[in-house]
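*Asks:* So I've got this file, my_file-v2.cif, and it contains mmCIF, C-alpha atoms and all ligand atoms:
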```cif
data_input
#
loop_
_atom_site.group_PDB
_atom_site.id
_atom_site.type_symbol
_atom_site.label_atom_id
_atom_site.label_comp_id
_atom_site.auth_asym_id
_atom_site.auth_seq_id
_atom_site.Cartn_x
_atom_site.Cartn_y
_atom_site.Cartn_z
ATOM 1 C CA MET A 4 -23.712 40.684 -3.330
ATOM 2 C CA ARG A 5 -27.137 38.968 -3.471
ATOM 3 C CA LYS A 6 -25.986 36.853 -6.465
ATOM 4 C CA ILE A 7 -22.806 35.878 -4.611
ATOM 5 C CA VAL A 8 -24.845 34.671 -1.632
ATOM 6 C CA GLU A 9 -27.302 32.878 -3.930
ATOM 7 C CA LYS A 10 -24.535 31.078 -5.846
ATOM 8 C CA TYR A 11 -22.286 30.515 -2.818
ATOM 9 C CA CYS A 12 -22.489 26.710 -2.977
ATOM 10 C CA GLU A 13 -21.239 26.685 -6.588
ATOM 11 C CA MET A 14 -18.399 29.197 -5.957
ATOM 12 C CA PRO A 15 -14.768 28.108 -6.377
ATOM 13 C CA ALA A 16 -13.352 26.848 -3.090
ATOM 14 C CA PRO A 17 -10.637 29.558 -2.612
ATOM 15 C CA ILE A 18 -13.359 32.258 -2.477
ATOM 16 C CA LYS A 19 -15.494 30.512 0.148
ATOM 17 C CA ARG A 20 -13.273 31.032 3.203
ATOM 18 C CA PRO A 21 -12.666 34.788 2.704
ATOM 19 C CA LEU A 22 -16.401 35.192 2.091
ATOM 20 C CA TRP A 23 -17.228 33.557 5.402
ATOM 21 C CA ARG A 24 -14.682 35.731 7.231
ATOM 22 C CA LEU A 25 -16.244 38.844 5.675
ATOM 23 C CA TRP A 26 -19.767 37.638 6.499
ATOM 24 C CA HIS A 27 -18.878 37.122 10.179
ATOM 25 C CA LYS A 28 -17.319 40.603 10.342
ATOM 26 C CA LEU A 29 -20.547 42.104 8.922
ATOM 27 C CA LEU A 30 -22.727 40.142 11.342
ATOM 28 C CA ILE A 31 -20.643 41.199 14.351
ATOM 29 C CA ARG A 32 -20.869 44.810 13.187
ATOM 30 C CA PHE A 33 -24.617 44.881 12.450
ATOM 31 C CA ASP A 34 -26.024 42.527 15.103
ATOM 32 C CA LYS A 35 -24.623 44.554 17.996
ATOM 33 C CA ASP A 36 -26.721 43.239 20.874
ATOM 34 C CA THR A 37 -26.750 39.723 19.387
ATOM 35 C CA ARG A 38 -30.138 38.532 18.201
ATOM 36 C CA ALA A 39 -28.724 35.880 15.820
ATOM 37 C CA VAL A 40 -26.622 33.136 17.378
ATOM 38 C CA PHE A 41 -27.574 30.488 14.786
ATOM 39 C CA LEU A 42 -26.803 30.474 11.073
ATOM 40 C CA ASN A 43 -28.798 27.434 9.970
ATOM 41 C CA TYR A 44 -32.183 26.957 8.275
ATOM 42 C CA GLY A 45 -33.833 25.151 11.181
ATOM 43 C CA TYR A 46 -35.995 22.029 11.500
ATOM 44 C CA HIS A 47 -39.555 21.371 12.579
ATOM 45 C CA ASP A 48 -41.747 18.376 13.354
ATOM 46 C CA GLU A 49 -44.579 18.148 15.871
ATOM 47 C CA GLU A 50 -43.025 15.352 17.948
ATOM 48 C CA THR A 51 -39.727 17.216 18.455
ATOM 49 C CA SER A 52 -41.557 20.424 19.185
ATOM 50 C CA ASP A 53 -43.756 18.764 21.868
ATOM 51 C CA ARG A 54 -40.854 16.904 23.461
ATOM 52 C CA LEU A 55 -38.300 19.690 23.536
ATOM 53 C CA HIS A 56 -38.947 21.994 26.472
ATOM 54 C CA LEU A 57 -36.767 25.034 26.078
ATOM 55 C CA LYS A 58 -35.865 27.719 28.561
ATOM 56 C CA HIS A 59 -37.677 31.005 27.968
ATOM 57 C CA GLU A 60 -34.529 32.683 26.631
ATOM 58 C CA ASP A 61 -33.990 29.896 24.053
ATOM 59 C CA GLU A 62 -37.542 29.963 22.615
ATOM 60 C CA PRO A 63 -36.857 32.566 19.874
ATOM 61 C CA ASP A 64 -34.258 30.170 18.410
ATOM 62 C CA ARG A 65 -36.519 27.081 18.625
ATOM 63 C CA TYR A 66 -36.346 26.063 14.939
ATOM 64 C CA CYS A 67 -32.557 26.418 14.711
ATOM 65 C CA ILE A 68 -32.219 24.562 18.013
ATOM 66 C CA GLN A 69 -34.523 21.781 16.763
ATOM 67 C CA LEU A 70 -32.072 21.163 13.906
ATOM 68 C CA TYR A 71 -29.257 20.558 16.407
ATOM 69 C CA ASP A 72 -31.615 18.459 18.472
ATOM 70 C CA VAL A 73 -32.639 16.157 15.617
ATOM 71 C CA VAL A 74 -28.955 15.688 14.745
ATOM 72 C CA ALA A 75 -27.774 14.916 18.280
ATOM 73 C CA SER A 76 -30.624 13.792 20.521
ATOM 74 C CA ARG A 77 -30.687 10.100 19.582
ATOM 75 C CA LEU A 78 -27.165 9.616 20.913
ATOM 76 C CA PRO A 79 -26.236 10.103 24.585
ATOM 77 C CA LEU A 80 -23.755 12.979 24.788
ATOM 78 C CA LYS A 81 -23.543 12.911 28.572
ATOM 79 C CA ARG A 82 -19.918 12.784 29.773
ATOM 80 C CA LYS A 83 -18.638 12.516 26.180
ATOM 81 C CA ASP A 84 -15.844 14.602 24.668
ATOM 82 C CA VAL A 85 -17.479 16.436 21.772
ATOM 83 C CA ILE A 86 -15.916 18.436 18.937
ATOM 84 C CA GLU A 87 -18.012 20.668 16.695
ATOM 85 C CA VAL A 88 -16.671 21.794 13.329
ATOM 86 C CA GLY A 89 -18.152 24.944 11.740
ATOM 87 C CA SER A 90 -19.809 26.195 14.925
ATOM 88 C CA GLY A 91 -20.582 29.696 13.577
ATOM 89 C CA ARG A 92 -21.992 32.049 16.224
ATOM 90 C CA GLY A 93 -22.046 29.219 18.765
ATOM 91 C CA GLY A 94 -25.789 28.859 19.442
ATOM 92 C CA GLY A 95 -25.777 25.109 18.729
ATOM 93 C CA ALA A 96 -22.651 24.490 20.814
ATOM 94 C CA SER A 97 -24.191 26.370 23.731
ATOM 95 C CA PHE A 98 -27.524 24.493 23.409
ATOM 96 C CA LEU A 99 -25.958 21.003 23.253
ATOM 97 C CA THR A 100 -23.581 21.734 26.158
ATOM 98 C CA ARG A 101 -26.309 23.172 28.411
ATOM 99 C CA TYR A 102 -29.011 20.585 27.639
ATOM 100 C CA TYR A 103 -26.985 17.389 27.004
ATOM 101 C CA SER A 104 -24.087 17.743 29.520
ATOM 102 C CA PRO A 105 -21.050 16.450 27.614
ATOM 103 C CA ARG A 106 -17.757 16.261 29.565
ATOM 104 C CA SER A 107 -16.193 18.747 27.149
ATOM 105 C CA TYR A 108 -17.393 20.560 24.032
ATOM 106 C CA ARG A 109 -14.758 22.165 21.821
ATOM 107 C CA ALA A 110 -16.148 24.167 18.930
ATOM 108 C CA PHE A 111 -14.098 25.137 15.858
ATOM 109 C CA ASP A 112 -14.652 27.668 13.097
ATOM 110 C CA ILE A 113 -12.524 29.148 10.319
ATOM 111 C CA SER A 114 -13.193 32.774 11.327
ATOM 112 C CA ALA A 115 -10.989 34.266 14.062
ATOM 113 C CA ASP A 116 -13.565 37.051 14.524
ATOM 114 C CA VAL A 117 -16.435 34.691 15.229
ATOM 115 C CA ILE A 118 -14.269 32.667 17.641
ATOM 116 C CA SER A 119 -13.389 35.747 19.675
ATOM 117 C CA PHE A 120 -17.065 36.825 19.566
ATOM 118 C CA CYS A 121 -18.097 33.389 20.959
ATOM 119 C CA ASN A 122 -15.419 33.401 23.652
ATOM 120 C CA ARG A 123 -16.664 36.815 24.826
ATOM 121 C CA TYR A 124 -20.388 36.035 24.520
ATOM 122 C CA TYR A 125 -20.715 32.566 26.130
ATOM 123 C CA ASN A 126 -19.875 31.437 29.622
ATOM 124 C CA VAL A 127 -20.917 27.784 29.729
ATOM 125 C CA GLU A 128 -18.991 25.226 31.781
ATOM 126 C CA GLY A 129 -17.125 22.752 29.563
ATOM 127 C CA LEU A 130 -17.619 24.805 26.370
ATOM 128 C CA SER A 131 -14.732 26.455 24.526
ATOM 129 C CA PHE A 132 -14.265 27.973 21.046
ATOM 130 C CA HIS A 133 -11.157 27.699 18.855
ATOM 131 C CA LYS A 134 -10.031 28.781 15.426
ATOM 132 C CA GLY A 135 -9.514 25.796 13.142
ATOM 133 C CA CYS A 136 -10.073 24.622 9.600
ATOM 134 C CA ALA A 137 -12.222 21.559 8.946
ATOM 135 C CA GLU A 138 -9.636 20.026 6.613
ATOM 136 C CA ASN A 139 -6.738 20.363 9.074
ATOM 137 C CA LEU A 140 -8.093 20.393 12.610
ATOM 138 C CA PRO A 141 -5.762 21.326 15.484
ATOM 139 C CA VAL A 142 -6.988 18.294 17.443
ATOM 140 C CA LYS A 143 -5.054 15.202 18.620
ATOM 141 C CA SER A 144 -5.772 11.902 16.856
ATOM 142 C CA GLY A 145 -8.261 9.628 18.635
ATOM 143 C CA SER A 146 -9.160 12.275 21.218
ATOM 144 C CA CYS A 147 -12.951 12.685 21.011
ATOM 145 C CA ASP A 148 -16.128 10.595 21.233
ATOM 146 C CA VAL A 149 -18.449 12.641 19.016
ATOM 147 C CA VAL A 150 -18.006 15.054 16.097
ATOM 148 C CA VAL A 151 -20.915 17.404 15.322
ATOM 149 C CA ASN A 152 -21.130 19.179 11.950
ATOM 150 C CA VAL A 153 -24.228 21.214 11.069
ATOM 151 C CA GLU A 154 -24.746 23.050 7.780
ATOM 152 C CA SER A 155 -21.081 23.765 7.236
ATOM 153 C CA ALA A 156 -19.474 20.987 5.140
ATOM 154 C CA ARG A 157 -20.751 22.322 1.817
ATOM 155 C CA CYS A 158 -18.433 25.306 2.404
ATOM 156 C CA TYR A 159 -15.252 23.231 2.505
ATOM 157 C CA LYS A 160 -12.598 23.081 -0.162
ATOM 158 C CA ASP A 161 -12.320 19.293 0.106
ATOM 159 C CA ILE A 162 -15.150 17.497 1.893
ATOM 160 C CA ASN A 163 -13.331 14.144 1.632
ATOM 161 C CA GLN A 164 -10.317 15.570 3.472
ATOM 162 C CA PHE A 165 -12.745 16.767 6.181
ATOM 163 C CA PHE A 166 -14.189 13.235 6.494
ATOM 164 C CA SER A 167 -10.603 11.893 6.852
ATOM 165 C CA GLU A 168 -9.978 14.442 9.614
ATOM 166 C CA VAL A 169 -13.133 13.344 11.450
ATOM 167 C CA LYS A 170 -11.972 9.723 11.181
ATOM 168 C CA ARG A 171 -8.529 10.702 12.552
ATOM 169 C CA ILE A 172 -9.789 12.593 15.622
ATOM 170 C CA LEU A 173 -12.555 10.151 16.654
ATOM 171 C CA ARG A 174 -11.930 7.342 19.109
ATOM 172 C CA PRO A 175 -12.834 3.857 17.837
ATOM 173 C CA GLY A 176 -16.589 3.426 18.295
ATOM 174 C CA GLY A 177 -17.054 7.212 18.341
ATOM 175 C CA HIS A 178 -19.835 8.940 16.435
ATOM 176 C CA PHE A 179 -20.043 11.456 13.626
ATOM 177 C CA LEU A 180 -23.262 13.530 13.512
ATOM 178 C CA PHE A 181 -23.636 15.331 10.217
ATOM 179 C CA ALA A 182 -26.316 17.535 8.628
ATOM 180 C CA ASP A 183 -26.234 19.646 5.486
ATOM 181 C CA MET A 184 -27.916 20.525 2.232
ATOM 182 C CA ILE A 185 -26.811 18.265 -0.603
ATOM 183 C CA PRO A 186 -27.641 18.302 -4.333
ATOM 184 C CA PRO A 187 -29.483 14.963 -4.889
ATOM 185 C CA GLY A 188 -26.856 13.826 -7.458
ATOM 186 C CA HIS A 189 -24.051 14.087 -4.837
ATOM 187 C CA LEU A 190 -25.668 11.922 -2.185
ATOM 188 C CA SER A 191 -24.296 8.544 -3.270
ATOM 189 C CA LYS A 192 -20.740 9.953 -3.642
ATOM 190 C CA ILE A 193 -20.900 11.370 -0.106
ATOM 191 C CA ARG A 194 -22.202 8.074 1.311
ATOM 192 C CA GLN A 195 -19.473 6.149 -0.527
ATOM 193 C CA SER A 196 -16.749 8.507 0.699
ATOM 194 C CA LEU A 197 -17.948 8.079 4.308
ATOM 195 C CA GLN A 198 -18.109 4.280 4.016
ATOM 196 C CA ASP A 199 -14.653 4.145 2.366
ATOM 197 C CA ARG A 200 -13.271 5.880 5.474
ATOM 198 C CA GLY A 201 -14.771 3.264 7.800
ATOM 199 C CA PHE A 202 -17.920 5.068 8.903
ATOM 200 C CA HIS A 203 -20.926 2.833 9.454
ATOM 201 C CA ILE A 204 -24.073 4.829 8.625
ATOM 202 C CA ARG A 205 -26.465 3.947 11.466
ATOM 203 C CA GLU A 206 -29.207 6.290 10.377
ATOM 204 C CA GLN A 207 -29.845 8.658 7.477
ATOM 205 C CA LEU A 208 -32.826 10.971 7.252
ATOM 206 C CA ASN A 209 -34.004 13.191 4.429
ATOM 207 C CA ILE A 210 -35.287 16.163 6.442
ATOM 208 C CA THR A 211 -35.885 18.554 3.518
ATOM 209 C CA LYS A 212 -39.614 18.933 4.292
ATOM 210 C CA ASN A 213 -38.893 19.636 7.962
ATOM 211 C CA VAL A 214 -36.329 22.296 7.032
ATOM 212 C CA VAL A 215 -38.779 23.972 4.617
ATOM 213 C CA THR A 216 -41.507 23.926 7.309
ATOM 214 C CA ALA A 217 -39.103 25.555 9.773
ATOM 215 C CA LEU A 218 -38.192 28.242 7.230
ATOM 216 C CA VAL A 219 -41.881 28.981 6.620
ATOM 217 C CA LEU A 220 -42.550 29.248 10.359
ATOM 218 C CA ASP A 221 -39.413 31.289 11.062
ATOM 219 C CA SER A 222 -39.391 33.639 8.030
ATOM 220 C CA ALA A 223 -41.171 36.527 9.793
ATOM 221 C CA ARG A 224 -38.659 36.531 12.684
ATOM 222 C CA ARG A 225 -35.719 36.387 10.270
ATOM 223 C CA GLU A 226 -37.152 39.201 8.144
ATOM 224 C CA GLN A 227 -37.699 41.343 11.219
ATOM 225 C CA ILE A 228 -34.092 40.944 12.395
ATOM 226 C CA ILE A 229 -32.872 41.840 8.895
ATOM 227 C CA GLN A 230 -35.150 44.864 8.710
ATOM 228 C CA GLU A 231 -34.031 46.140 12.117
ATOM 229 C CA ARG A 232 -30.314 45.415 11.786
ATOM 230 C CA ILE A 233 -29.118 45.324 8.210
ATOM 231 C CA PRO A 234 -28.552 48.423 6.012
ATOM 232 C CA GLY A 235 -31.112 48.532 3.182
ATOM 233 C CA PHE A 236 -28.624 47.924 0.353
ATOM 234 C CA LEU A 237 -27.589 44.583 1.950
ATOM 235 C CA ALA A 238 -31.061 43.453 3.060
ATOM 236 C CA LYS A 239 -31.709 41.210 0.027
ATOM 237 C CA SER A 240 -28.328 39.498 0.417
ATOM 238 C CA PHE A 241 -29.072 38.731 4.055
ATOM 239 C CA ALA A 242 -32.581 37.490 3.209
ATOM 240 C CA GLN A 243 -31.022 35.142 0.632
ATOM 241 C CA PHE A 244 -28.537 33.955 3.259
ATOM 242 C CA ALA A 245 -31.349 33.448 5.780
ATOM 243 C CA GLY A 246 -33.411 31.469 3.235
ATOM 244 C CA THR A 247 -36.610 33.404 3.923
ATOM 245 C CA ARG A 248 -39.753 32.738 1.865
ATOM 246 C CA GLY A 249 -39.499 34.046 -1.676
ATOM 247 C CA THR A 250 -35.691 33.758 -1.955
ATOM 248 C CA GLU A 251 -33.952 31.499 -4.482
ATOM 249 C CA ARG A 252 -32.382 29.654 -1.547
ATOM 250 C CA PHE A 253 -35.823 28.830 -0.117
ATOM 251 C CA ASP A 254 -37.044 27.757 -3.572
ATOM 252 C CA ALA A 255 -33.986 25.507 -4.046
ATOM 253 C CA PHE A 256 -35.480 23.107 -1.475
ATOM 254 C CA ASN A 257 -38.858 23.054 -3.226
ATOM 255 C CA ASN A 258 -37.583 22.675 -6.794
ATOM 256 C CA GLY A 259 -35.302 19.744 -5.947
ATOM 257 C CA LYS A 260 -31.972 21.560 -6.452
ATOM 258 C CA PHE A 261 -31.009 20.729 -2.873
ATOM 259 C CA GLU A 262 -32.118 18.195 -0.306
ATOM 260 C CA TYR A 263 -31.315 18.427 3.377
ATOM 261 C CA TRP A 264 -29.924 15.272 4.996
ATOM 262 C CA THR A 265 -28.715 14.216 8.400
ATOM 263 C CA PHE A 266 -26.536 11.130 9.020
ATOM 264 C CA GLN A 267 -25.646 9.459 12.285
ATOM 265 C CA MET A 268 -22.462 7.411 11.863
ATOM 266 C CA GLU A 269 -20.209 5.173 13.911
ATOM 267 C CA ASN A 270 -16.446 5.045 13.546
ATOM 268 C CA ARG A 271 -15.645 1.409 12.829
ATOM 269 C CA ALA A 272 -12.001 0.482 12.401
HETATM 270 C C1 LIG B 301 -24.065 28.128 7.712
HETATM 271 S S1 LIG B 301 -22.895 28.395 9.008
HETATM 272 C C2 LIG B 301 -23.493 27.248 10.231
HETATM 273 C C3 LIG B 301 -23.002 27.594 11.609
HETATM 274 C C4 LIG B 301 -23.583 26.710 12.731
HETATM 275 N N1 LIG B 301 -23.278 25.317 12.523
HETATM 276 C C5 LIG B 301 -25.065 26.906 12.886
HETATM 277 O O1 LIG B 301 -25.826 25.966 12.566
HETATM 278 O O2 LIG B 301 -25.470 27.971 13.313
HETATM 279 C C6 LIG B 301 -21.397 27.590 8.418
HETATM 280 C C7 LIG B 301 -20.174 27.844 9.288
HETATM 281 O O3 LIG B 301 -19.077 27.060 8.781
HETATM 282 C C8 LIG B 301 -17.882 27.829 8.958
HETATM 283 N N2 LIG B 301 -16.853 27.327 8.021
HETATM 284 C C9 LIG B 301 -16.779 27.506 6.678
HETATM 285 N N3 LIG B 301 -15.686 26.902 6.177
HETATM 286 C C10 LIG B 301 -15.041 26.326 7.223
HETATM 287 C C11 LIG B 301 -13.853 25.545 7.345
HETATM 288 N N4 LIG B 301 -13.110 25.233 6.282
HETATM 289 N N5 LIG B 301 -13.501 25.105 8.581
HETATM 290 C C12 LIG B 301 -14.272 25.407 9.687
HETATM 291 N N6 LIG B 301 -15.404 26.142 9.625
HETATM 292 C C13 LIG B 301 -15.789 26.595 8.411
HETATM 293 C C14 LIG B 301 -18.319 29.257 8.625
HETATM 294 O O4 LIG B 301 -17.418 30.234 9.119
HETATM 295 C C15 LIG B 301 -19.699 29.294 9.297
HETATM 296 O O5 LIG B 301 -19.587 29.753 10.618
#
```
In structure tokens, write the structure found in this file.
Ligand SMILES: C[S@@+](CC[C@H](N)C(=O)[O-])C[C@H]1O[C@@H](n2cnc3c(N)ncnc32)[C@H](O)[C@@H]1O
*Replies:*
Amino acid sequence: MRKIVEKYCEMPAPIKRPLWRLWHKLLIRFDKDTRAVFLNYGYHDEETSDRLHLKHEDEPDRYCIQLYDVVASRLPLKRKDVIEVGSGRGGGASFLTRYYSPRSYRAFDISADVISFCNRYYNVEGLSFHKGCAENLPVKSGSCDVVVNVESARCYKDINQFFSEVKRILRPGGHFLFADMIPPGHLSKIRQSLQDRGFHIREQLNITKNVVTALVLDSARREQIIQERIPGFLAKSFAQFAGTRGTERFDAFNNGKFEYWTFQMENRA
């Protein structure tokens, strides 16, 4: 299992979706009173940390929240219609809705189990969770102002089809906020694919160092949750998934196998 998690990004596409569905089932089973509502590697810089005042109950998730914040905070979300694709356990959707007051926030994920978990767990005005696949979203054309996508696109069968879907559902002048780990050799292809679809890249940031710093600072908390919740024979697989210090996934950011990028884009006709 550990090898599967380690090599997930290189796995053939048809295996990726069932693996995610299984992973969500395991998480729902093991994390009974819900300590983990984020599934990303996090982000840290001093300026964000000083500026972002979190409620007491959100503090444990600070690094994962800071990743959502760096992706979304430079664009006003207030009174916008937002769609998130690949929302996982919903922590980011809940944070952005509570702190940035969009008019509506509809969050989509491929796993029916995680969607019903989120609809039971959260009660935030304007926020709703729906089952949907990134490459064929059950969303009307031209119906949203902002699309958020955090650490999910590398899982898709066809990332270009996902970009076409984002283009289809955004209103003209709308924004696409994207963050994920990318092998350095794929960066120019991804940029080209986005530009070919009419996205103007307003800002692109290589945040690899900030993600590694967050993982260093957050490793002890992640390890503790794994130790308390996960059966011993699966602990190494979950540590790999969580990217804690000493895992191949953590090392992949230091040895240049992956970089972590965020793009802010505008939908130009
Ligand atoms: C690493 S998690 C990130 C979750 C969340 N964005 C966060 O930061 O906590 C990736 C998520 O993408 C979802 N996912 C994978 N393939 C998908 C697809 N084709 N369509 C929609 N969601 C998908 C997975 O189920 C998982 O919840």
*Asks:* So, counting all atoms listed in the file, which residue among A:Ala223, A:Leu55, A:Ala156, A:Ile162 is closest to Val73 (chain A)?
*Replies:* A:Leu55
*Asks:* Which residues are near Gly45 (chain A)? Cut-off 12 Å, only C-alpha atoms, ignore same chain within fewer than 2 positions. Put them as a PyMOL selection string.
*Replies:* chain A and resi 41-43+47-48+63-74+95+153-154+182-184+210-222+225+245-247+263
*Asks:* Applied to the shown file, which residues does the PyMOL selection byres (((not hetatm)) within 9 of (chain B and resi 301)) return, written as a compact mmCIF listing (two decimals) with C-alpha atoms, keeping the file's coordinate frame?
*Replies:*
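That gives us part_39.txt:
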```txt
# COMPACT_ATOMS: atom_id res chain seq x y z
CA LYS A 19 -15.49 30.51 0.15
CA ARG A 20 -13.27 31.03 3.20
CA LEU A 22 -16.40 35.19 2.09
CA TRP A 23 -17.23 33.56 5.40
CA ARG A 24 -14.68 35.73 7.23
CA TRP A 26 -19.77 37.64 6.50
CA HIS A 27 -18.88 37.12 10.18
CA ALA A 39 -28.72 35.88 15.82
CA VAL A 40 -26.62 33.14 17.38
CA PHE A 41 -27.57 30.49 14.79
CA LEU A 42 -26.80 30.47 11.07
CA ASN A 43 -28.80 27.43 9.97
CA TYR A 44 -32.18 26.96 8.28
CA GLY A 45 -33.83 25.15 11.18
CA CYS A 67 -32.56 26.42 14.71
CA ILE A 68 -32.22 24.56 18.01
CA LEU A 70 -32.07 21.16 13.91
CA TYR A 71 -29.26 20.56 16.41
CA GLU A 87 -18.01 20.67 16.70
CA VAL A 88 -16.67 21.79 13.33
CA GLY A 89 -18.15 24.94 11.74
CA SER A 90 -19.81 26.20 14.92
CA GLY A 91 -20.58 29.70 13.58
CA ARG A 92 -21.99 32.05 16.22
CA GLY A 93 -22.05 29.22 18.76
CA GLY A 94 -25.79 28.86 19.44
CA GLY A 95 -25.78 25.11 18.73
CA ALA A 96 -22.65 24.49 20.81
CA PHE A 111 -14.10 25.14 15.86
CA ASP A 112 -14.65 27.67 13.10
CA ILE A 113 -12.52 29.15 10.32
CA SER A 114 -13.19 32.77 11.33
CA VAL A 117 -16.43 34.69 15.23
CA LYS A 134 -10.03 28.78 15.43
CA GLY A 135 -9.51 25.80 13.14
CA CYS A 136 -10.07 24.62 9.60
CA ALA A 137 -12.22 21.56 8.95
CA GLU A 138 -9.64 20.03 6.61
CA ASN A 139 -6.74 20.36 9.07
CA LEU A 140 -8.09 20.39 12.61
CA VAL A 151 -20.92 17.40 15.32
CA ASN A 152 -21.13 19.18 11.95
CA VAL A 153 -24.23 21.21 11.07
CA GLU A 154 -24.75 23.05 7.78
CA SER A 155 -21.08 23.76 7.24
CA ALA A 156 -19.47 20.99 5.14
CA ARG A 157 -20.75 22.32 1.82
CA CYS A 158 -18.43 25.31 2.40
CA TYR A 159 -15.25 23.23 2.50
CA LYS A 160 -12.60 23.08 -0.16
CA ASP A 161 -12.32 19.29 0.11
CA PHE A 165 -12.74 16.77 6.18
CA PHE A 244 -28.54 33.96 3.26
```
*Asks:* Specify as a count of residues only each residue included when the PyMOL selection byres (((chain A and resi 269) around 8) and not hetatm) is applied to this file.
*Replies:* 12
*Asks:* Which residue gives the smallest distance to Phe181 (chain A) among A:Arg123, A:Phe266, A:Gly145, A:Glu128, with all atoms listed in the file counted?
*Replies:*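 Closest residue, counting all atoms listed in the file: A:Phe266.
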*Asks:* For the file shown, what are the residues hit by the PyMOL selection byres (((chain A and resi 32) around 12) and not hetatm), laid out as JSON, numbers by chain?
*Replies:* {"A": [25, 26, 27, 28, 29, 30, 31, 33, 34, 35, 36, 37, 116, 117, 120, 232, 233, 234]}
*Asks:* Pick the closest to Trp264 (chain A) from A:Ala16, A:Ile185, A:Ile229, A:Leu237: which is it, counting all atoms listed in the file?
*Replies:*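 Comparing A:Ala16, A:Ile185, A:Ile229, A:Leu237 against Trp264 (chain A), the winner is A:Ile185.
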*Asks:* So, counting only C-alpha atoms, which residue among A:Val85, A:Arg248, A:Val149, A:Tyr103 is closest to Ser131 (chain A)?
*Replies:*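 Using only C-alpha atoms, Ser131 (chain A) sits closest to A:Val85.
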*Asks:* Provide the CA of Leu57 (chain A) to CA of Ser97 (chain A) distance in Å, to one decimal place.
*Replies:*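 We find that CA of Leu57 (chain A) and CA of Ser97 (chain A) lie 12.9 Å from each other.
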